[in-house]
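*Asks:* For reference, this is final.pdb, and it has PDB, C-alpha atoms and all ligand atoms.
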ATOM      1  CA  MET S   1       0.000   0.000   0.000
ATOM      2  CA  ASN S   2       1.304   3.434  -0.925
ATOM      3  CA  THR S   3       0.815   5.766   2.047
ATOM      4  CA  GLY S   4       2.564   8.679   0.395
ATOM      5  CA  HIS S   5       5.142   8.630   3.191
ATOM      6  CA  SER S   6       8.053   6.479   2.132
ATOM      7  CA  THR S   7      10.601   4.587   4.196
ATOM      8  CA  LEU S   8      13.016   7.353   3.304
ATOM      9  CA  ASP S   9      10.547   9.929   4.629
ATOM     10  CA  HIS S  10      10.273   7.967   7.915
ATOM     11  CA  MET S  11      14.039   7.806   8.261
ATOM     12  CA  ILE S  12      14.339  11.540   7.650
ATOM     13  CA  ASP S  13      11.604  12.182  10.239
ATOM     14  CA  ARG S  14      13.402  10.031  12.800
ATOM     15  CA  LEU S  15      16.823  11.556  12.282
ATOM     16  CA  THR S  16      15.451  15.099  12.188
ATOM     17  CA  THR S  17      13.641  14.526  15.479
ATOM     18  CA  GLN S  18      16.778  13.068  17.044
ATOM     19  CA  ARG S  19      18.864  16.049  16.014
ATOM     20  CA  VAL S  20      16.339  18.550  17.405
ATOM     21  CA  ALA S  21      15.800  16.538  20.614
ATOM     22  CA  LEU S  22      19.511  16.069  21.287
ATOM     23  CA  GLY S  23      20.201  19.756  20.686
ATOM     24  CA  TRP S  24      17.415  20.658  23.095
ATOM     25  CA  ALA S  25      18.648  18.221  25.760
ATOM     26  CA  VAL S  26      22.198  19.531  25.505
ATOM     27  CA  GLY S  27      20.870  23.060  26.002
ATOM     28  CA  CYS S  28      18.933  21.890  29.075
ATOM     29  CA  VAL S  29      22.059  20.531  30.788
ATOM     30  CA  ALA S  30      24.351  23.428  29.834
ATOM     31  CA  GLY S  31      26.365  24.734  32.762
ATOM     32  CA  THR S  32      25.759  21.701  34.947
ATOM     33  CA  PRO S  33      28.386  19.084  35.750
ATOM     34  CA  GLY S  34      28.124  15.405  34.952
ATOM     35  CA  LEU S  35      28.680  12.622  32.482
ATOM     36  CA  VAL S  36      26.632  11.621  29.466
ATOM     37  CA  MET S  37      25.323   8.119  28.788
ATOM     38  CA  GLU S  38      24.636   6.839  25.292
ATOM     39  CA  ILE S  39      22.622   3.632  25.576
ATOM     40  CA  GLY S  40      22.501   2.195  22.073
ATOM     41  CA  LEU S  41      25.621   2.948  20.038
ATOM     42  CA  GLY S  42      24.192   1.352  16.880
ATOM     43  CA  LYS S  43      25.803   3.001  13.882
ATOM     44  CA  GLY S  44      27.267   5.696  16.103
ATOM     45  CA  ARG S  45      25.168   8.521  14.662
ATOM     46  CA  THR S  46      23.744   9.967  17.862
ATOM     47  CA  TYR S  47      26.954   9.223  19.787
ATOM     48  CA  ASP S  48      28.899  11.242  17.224
ATOM     49  CA  HIS S  49      26.356  14.048  17.437
ATOM     50  CA  LEU S  50      26.479  14.134  21.236
ATOM     51  CA  ARG S  51      30.248  14.226  21.324
ATOM     52  CA  SER S  52      30.304  17.056  18.789
ATOM     53  CA  LEU S  53      27.799  19.046  20.883
ATOM     54  CA  LEU S  54      29.514  18.204  24.184
ATOM     55  CA  PRO S  55      33.235  17.910  23.418
ATOM     56  CA  SER S  56      34.327  18.298  27.027
ATOM     57  CA  ARG S  57      31.953  15.715  28.543
ATOM     58  CA  ASP S  58      32.802  12.084  29.121
ATOM     59  CA  ILE S  59      30.315   9.813  27.361
ATOM     60  CA  LEU S  60      29.670   6.287  28.650
ATOM     61  CA  VAL S  61      28.524   4.104  25.765
ATOM     62  CA  PHE S  62      26.571   0.850  26.002
ATOM     63  CA  ASP S  63      25.611  -1.654  23.316
ATOM     64  CA  MET S  64      25.740  -5.326  22.537
ATOM     65  CA  TRP S  65      28.287  -4.599  19.817
ATOM     66  CA  ALA S  66      30.475  -1.802  18.479
ATOM     67  CA  ARG S  67      29.751  -2.174  14.773
ATOM     68  CA  VAL S  68      31.168   1.219  13.904
ATOM     69  CA  PRO S  69      34.200   2.509  12.047
ATOM     70  CA  THR S  70      37.277   3.118  14.174
ATOM     71  CA  SER S  71      36.655   6.866  14.097
ATOM     72  CA  LEU S  72      33.329   6.328  15.908
ATOM     73  CA  ARG S  73      34.543   3.775  18.449
ATOM     74  CA  PRO S  74      34.505   5.212  21.977
ATOM     75  CA  ASP S  75      37.602   4.923  24.154
ATOM     76  CA  GLU S  76      37.812   1.432  25.642
ATOM     77  CA  ASP S  77      37.300   2.632  29.225
ATOM     78  CA  ARG S  78      34.077   4.357  28.171
ATOM     79  CA  LEU S  79      32.686   1.487  26.097
ATOM     80  CA  PHE S  80      30.574  -1.238  27.729
ATOM     81  CA  LEU S  81      29.835  -4.121  25.391
ATOM     82  CA  GLY S  82      27.283  -6.821  26.120
ATOM     83  CA  ASP S  83      23.644  -7.069  27.052
ATOM     84  CA  PHE S  84      22.366  -3.960  28.856
ATOM     85  CA  ARG S  85      21.074  -6.263  31.610
ATOM     86  CA  ASP S  86      24.694  -7.224  32.359
ATOM     87  CA  THR S  87      26.718  -4.120  31.488
ATOM     88  CA  LEU S  88      24.547  -1.494  33.188
ATOM     89  CA  PRO S  89      24.481  -3.205  36.605
ATOM     90  CA  ALA S  90      28.203  -3.978  36.322
ATOM     91  CA  ALA S  91      29.046  -0.269  35.793
ATOM     92  CA  THR S  92      26.597   1.184  38.307
ATOM     93  CA  GLU S  93      28.842   1.473  41.344
ATOM     94  CA  ARG S  94      31.630   3.176  39.396
ATOM     95  CA  PHE S  95      29.324   5.893  38.046
ATOM     96  CA  ARG S  96      26.530   6.057  40.610
ATOM     97  CA  GLY S  97      24.870   9.501  40.592
ATOM     98  CA  ALA S  98      27.397  10.882  38.082
ATOM     99  CA  VAL S  99      25.320  11.203  34.908
ATOM    100  CA  ARG S 100      23.687  14.487  33.861
ATOM    101  CA  LEU S 101      22.223  13.378  30.531
ATOM    102  CA  ALA S 102      21.231   9.862  29.488
ATOM    103  CA  HIS S 103      20.165   9.144  25.920
ATOM    104  CA  ALA S 104      18.605   5.726  25.367
ATOM    105  CA  ASP S 105      18.131   4.981  21.674
ATOM    106  CA  ILE S 106      17.113   1.379  21.973
ATOM    107  CA  GLY S 107      14.224   0.672  19.666
ATOM    108  CA  ASN S 108      13.978  -1.877  16.928
ATOM    109  CA  ALA S 109      11.098  -3.475  15.063
ATOM    110  CA  GLN S 110      11.195  -6.647  17.146
ATOM    111  CA  GLU S 111      10.987  -4.706  20.390
ATOM    112  CA  ASP S 112       7.832  -3.031  19.086
ATOM    113  CA  ASP S 113       6.261  -6.484  19.033
ATOM    114  CA  GLU S 114       7.670  -7.696  22.319
ATOM    115  CA  GLU S 115       7.113  -4.595  24.485
ATOM    116  CA  GLY S 116      10.204  -5.705  26.348
ATOM    117  CA  ILE S 117      13.161  -3.463  26.984
ATOM    118  CA  ARG S 118      11.222  -0.274  27.697
ATOM    119  CA  HIS S 119       9.881  -1.809  30.894
ATOM    120  CA  TRP S 120      13.224  -2.606  32.529
ATOM    121  CA  ILE S 121      15.828  -0.243  31.081
ATOM    122  CA  GLY S 122      14.719   2.797  33.127
ATOM    123  CA  GLY S 123      15.370   0.963  36.374
ATOM    124  CA  LEU S 124      18.903   0.107  35.253
ATOM    125  CA  ILE S 125      19.665   3.697  34.180
ATOM    126  CA  GLU S 126      18.253   5.401  37.268
ATOM    127  CA  PRO S 127      21.132   4.685  39.705
ATOM    128  CA  PHE S 128      23.558   6.446  37.351
ATOM    129  CA  LEU S 129      21.605   9.705  37.393
ATOM    130  CA  ALA S 130      22.615  12.839  39.261
ATOM    131  CA  PRO S 131      19.722  14.648  40.949
ATOM    132  CA  GLY S 132      17.771  16.554  38.286
ATOM    133  CA  ALA S 133      19.352  14.627  35.411
ATOM    134  CA  LEU S 134      17.700  14.560  32.000
ATOM    135  CA  VAL S 135      16.745  11.322  30.270
ATOM    136  CA  LEU S 136      15.906  11.256  26.580
ATOM    137  CA  SER S 137      14.699   8.182  24.703
ATOM    138  CA  ASP S 138      13.056   6.932  21.553
ATOM    139  CA  ARG S 139      10.867   4.770  23.795
ATOM    140  CA  PRO S 140       8.604   5.688  26.755
ATOM    141  CA  ILE S 141      11.023   4.119  29.234
ATOM    142  CA  GLY S 142      10.062   6.460  32.082
ATOM    143  CA  ALA S 143       6.306   6.021  31.836
ATOM    144  CA  GLY S 144       4.909   5.416  35.308
ATOM    145  CA  ARG S 145       8.310   5.626  37.026
ATOM    146  CA  ARG S 146       8.320   7.405  40.353
ATOM    147  CA  GLY S 147      10.373  10.594  40.300
ATOM    148  CA  TRP S 148      10.482  10.740  36.491
ATOM    149  CA  GLU S 149       8.765  13.973  35.467
ATOM    150  CA  PRO S 150       7.754  13.880  31.788
ATOM    151  CA  LEU S 151       8.971  16.789  29.645
ATOM    152  CA  ASP S 152       7.762  18.132  26.312
ATOM    153  CA  VAL S 153      10.499  17.321  23.833
ATOM    154  CA  PRO S 154      10.588  19.691  20.842
ATOM    155  CA  GLY S 155      10.714  18.443  17.268
ATOM    156  CA  THR S 156       8.393  15.480  17.813
ATOM    157  CA  GLN S 157       5.582  16.395  15.427
ATOM    158  CA  ARG S 158       6.503  13.637  12.970
ATOM    159  CA  TRP S 159       8.401  11.169  15.177
ATOM    160  CA  ALA S 160       7.908  10.345  18.844
ATOM    161  CA  TYR S 161      10.669  11.095  21.333
ATOM    162  CA  HIS S 162      10.459  11.207  25.123
ATOM    163  CA  GLY S 163      12.130  13.169  27.889
ATOM    164  CA  TRP S 164      12.117  13.191  31.707
ATOM    165  CA  ARG S 165      13.677  15.164  34.506
ATOM    166  CA  VAL S 166      14.594  12.662  37.215
ATOM    167  CA  GLY S 167      14.933  13.225  40.915
TER     168      GLY S 167
HETATM  169  C1  LIG F 201      18.284   2.073  17.411
HETATM  170  S1  LIG F 201      19.853   1.308  17.620
HETATM  171  C2  LIG F 201      20.882   2.646  18.167
HETATM  172  C3  LIG F 201      21.155   3.644  17.072
HETATM  173  C4  LIG F 201      22.244   4.636  17.421
HETATM  174  N1  LIG F 201      21.868   5.500  18.528
HETATM  175  C5  LIG F 201      22.640   5.465  16.234
HETATM  176  O1  LIG F 201      22.357   6.682  16.221
HETATM  177  O2  LIG F 201      23.238   4.918  15.307
HETATM  178  C6  LIG F 201      19.613   0.359  19.068
HETATM  179  C7  LIG F 201      20.855  -0.331  19.587
HETATM  180  O3  LIG F 201      20.532  -0.943  20.828
HETATM  181  C8  LIG F 201      21.268  -2.150  20.943
HETATM  182  N2  LIG F 201      20.546  -3.036  21.867
HETATM  183  C9  LIG F 201      19.235  -3.368  21.858
HETATM  184  N3  LIG F 201      18.935  -4.180  22.876
HETATM  185  C10 LIG F 201      20.105  -4.378  23.557
HETATM  186  C11 LIG F 201      20.445  -5.111  24.736
HETATM  187  N4  LIG F 201      19.521  -5.825  25.409
HETATM  188  N5  LIG F 201      21.724  -5.065  25.165
HETATM  189  C12 LIG F 201      22.674  -4.338  24.487
HETATM  190  N6  LIG F 201      22.397  -3.630  23.356
HETATM  191  C13 LIG F 201      21.134  -3.646  22.904
HETATM  192  C14 LIG F 201      21.345  -2.705  19.539
HETATM  193  O4  LIG F 201      22.496  -3.511  19.387
HETATM  194  C15 LIG F 201      21.373  -1.431  18.683
HETATM  195  O5  LIG F 201      22.699  -1.132  18.290
END
Is it possible to give me this structure as structure tokens?

*Replies:*
Amino acid sequence: MNTGHSTLDHMIDRLTTQRVALGWAVGCVAGTPGLVMEIGLGKGRTYDHLRSLLPSRDILVFDMWARVPTSLRPDEDRLFLGDFRDTLPAATERFRGAVRLAHADIGNAQEDDEEGIRHWIGGLIEPFLAPGALVLSDRPIGAGRRGWEPLDVPGTQRWAYHGWRVG
């Protein structure tokens, strides 16, 4: 069926939303101390964007794999490879309360069917967050979480994106 909105159009919508949302989030945390978390390295697009917007911040990066060119591979001591359910708990004590901005870009088509990750990932991210930290995600990972205040994320007219102020 031809909906008039092609796969290319959807991809452009998604990437445009991500660029606007990340720029907004970076503005929100300006002047405050703390690390950044990138949960979902994927092709490295949003990681690269975050590091260009925040060149002086340390970015902790989590994914099952680092399938990126060398130029987009995070430093080894900032890269946590493996299932989020293992790597996030394993890193918690080292970075407890140290993160100012967490970006969780975790979605895939299968997850849409399974309704899985969005229910548990927020609980694994939360211990990393400094009081008042900002969480941004392509999935509603903070829905119903105590202490997660939903925010209006700009640039979401064509693609959903979600934000919370935590604690
Ligand atoms: C939408 S992609 C990230 C895209 C990336 N932010 C970019 O801009 O290129 C989602 C990523 O989450 C990772 N992922 C999904 N579930 C995971 C899990 N349980 N443990 C570790 N990584 C996972 C996938 O490997 C995938 O790279």

*Asks:* Ligand LIG 201 (chain F): which residues are within 7 Å, counting all atoms listed in the file, as a ChimeraX atom specification?

*Replies:* /S:39-47,62-65,82-85,105-108,117

*Asks:* What does the PyMOL selection byres (((chain S and resi 133) around 8) and not hetatm) select in this file, as a PDB file with C-alpha atoms, keeping the file's coordinate frame?

*Replies:*
ATOM      1  CA  VAL S  29      22.059  20.531  30.788  1.00  0.00           C
ATOM      2  CA  VAL S  99      25.320  11.203  34.908  1.00  0.00           C
ATOM      3  CA  ARG S 100      23.687  14.487  33.861  1.00  0.00           C
ATOM      4  CA  LEU S 101      22.223  13.378  30.531  1.00  0.00           C
ATOM      5  CA  ALA S 102      21.231   9.862  29.488  1.00  0.00           C
ATOM      6  CA  LEU S 129      21.605   9.705  37.393  1.00  0.00           C
ATOM      7  CA  ALA S 130      22.615  12.839  39.261  1.00  0.00           C
ATOM      8  CA  PRO S 131      19.722  14.648  40.949  1.00  0.00           C
ATOM      9  CA  GLY S 132      17.771  16.554  38.286  1.00  0.00           C
ATOM     10  CA  LEU S 134      17.700  14.560  32.000  1.00  0.00           C
ATOM     11  CA  VAL S 135      16.745  11.322  30.270  1.00  0.00           C
ATOM     12  CA  ARG S 165      13.677  15.164  34.506  1.00  0.00           C
ATOM     13  CA  VAL S 166      14.594  12.662  37.215  1.00  0.00           C
ATOM     14  CA  GLY S 167      14.933  13.225  40.915  1.00  0.00           C
TER      15      GLY S 167
END

*Asks:* Could you check how far atom CA of Leu151 of chain S sits from atom CA of His49 of chain S, in Å to one decimal?

*Replies:* 21.4 Å

*Asks:* Give me the result of the PyMOL selection byres (((chain S and resi 153) around 10) and not hetatm) on this file, residue by residue, as an mmCIF file with C-alpha atoms, in the coordinates of the input.

*Replies:*
data_model
loop_
_atom_site.group_PDB
_atom_site.id
_atom_site.type_symbol
_atom_site.label_atom_id
_atom_site.label_comp_id
_atom_site.auth_asym_id
_atom_site.auth_seq_id
_atom_site.Cartn_x
_atom_site.Cartn_y
_atom_site.Cartn_z
ATOM 1 C CA THR S 17 13.641 14.526 15.479
ATOM 2 C CA VAL S 20 16.339 18.550 17.405
ATOM 3 C CA ALA S 21 15.800 16.538 20.614
ATOM 4 C CA LEU S 22 19.511 16.069 21.287
ATOM 5 C CA TRP S 24 17.415 20.658 23.095
ATOM 6 C CA ALA S 25 18.648 18.221 25.760
ATOM 7 C CA LEU S 136 15.906 11.256 26.580
ATOM 8 C CA PRO S 150 7.754 13.880 31.788
ATOM 9 C CA LEU S 151 8.971 16.789 29.645
ATOM 10 C CA ASP S 152 7.762 18.132 26.312
ATOM 11 C CA PRO S 154 10.588 19.691 20.842
ATOM 12 C CA GLY S 155 10.714 18.443 17.268
ATOM 13 C CA THR S 156 8.393 15.480 17.813
ATOM 14 C CA GLN S 157 5.582 16.395 15.427
ATOM 15 C CA ALA S 160 7.908 10.345 18.844
ATOM 16 C CA TYR S 161 10.669 11.095 21.333
ATOM 17 C CA HIS S 162 10.459 11.207 25.123
ATOM 18 C CA GLY S 163 12.130 13.169 27.889
ATOM 19 C CA TRP S 164 12.117 13.191 31.707
#

*Asks:* Atom CA of Gly116 of chain S to atom CA of Met11 of chain S: how many Å, to one decimal?

*Replies:* 22.9 Å
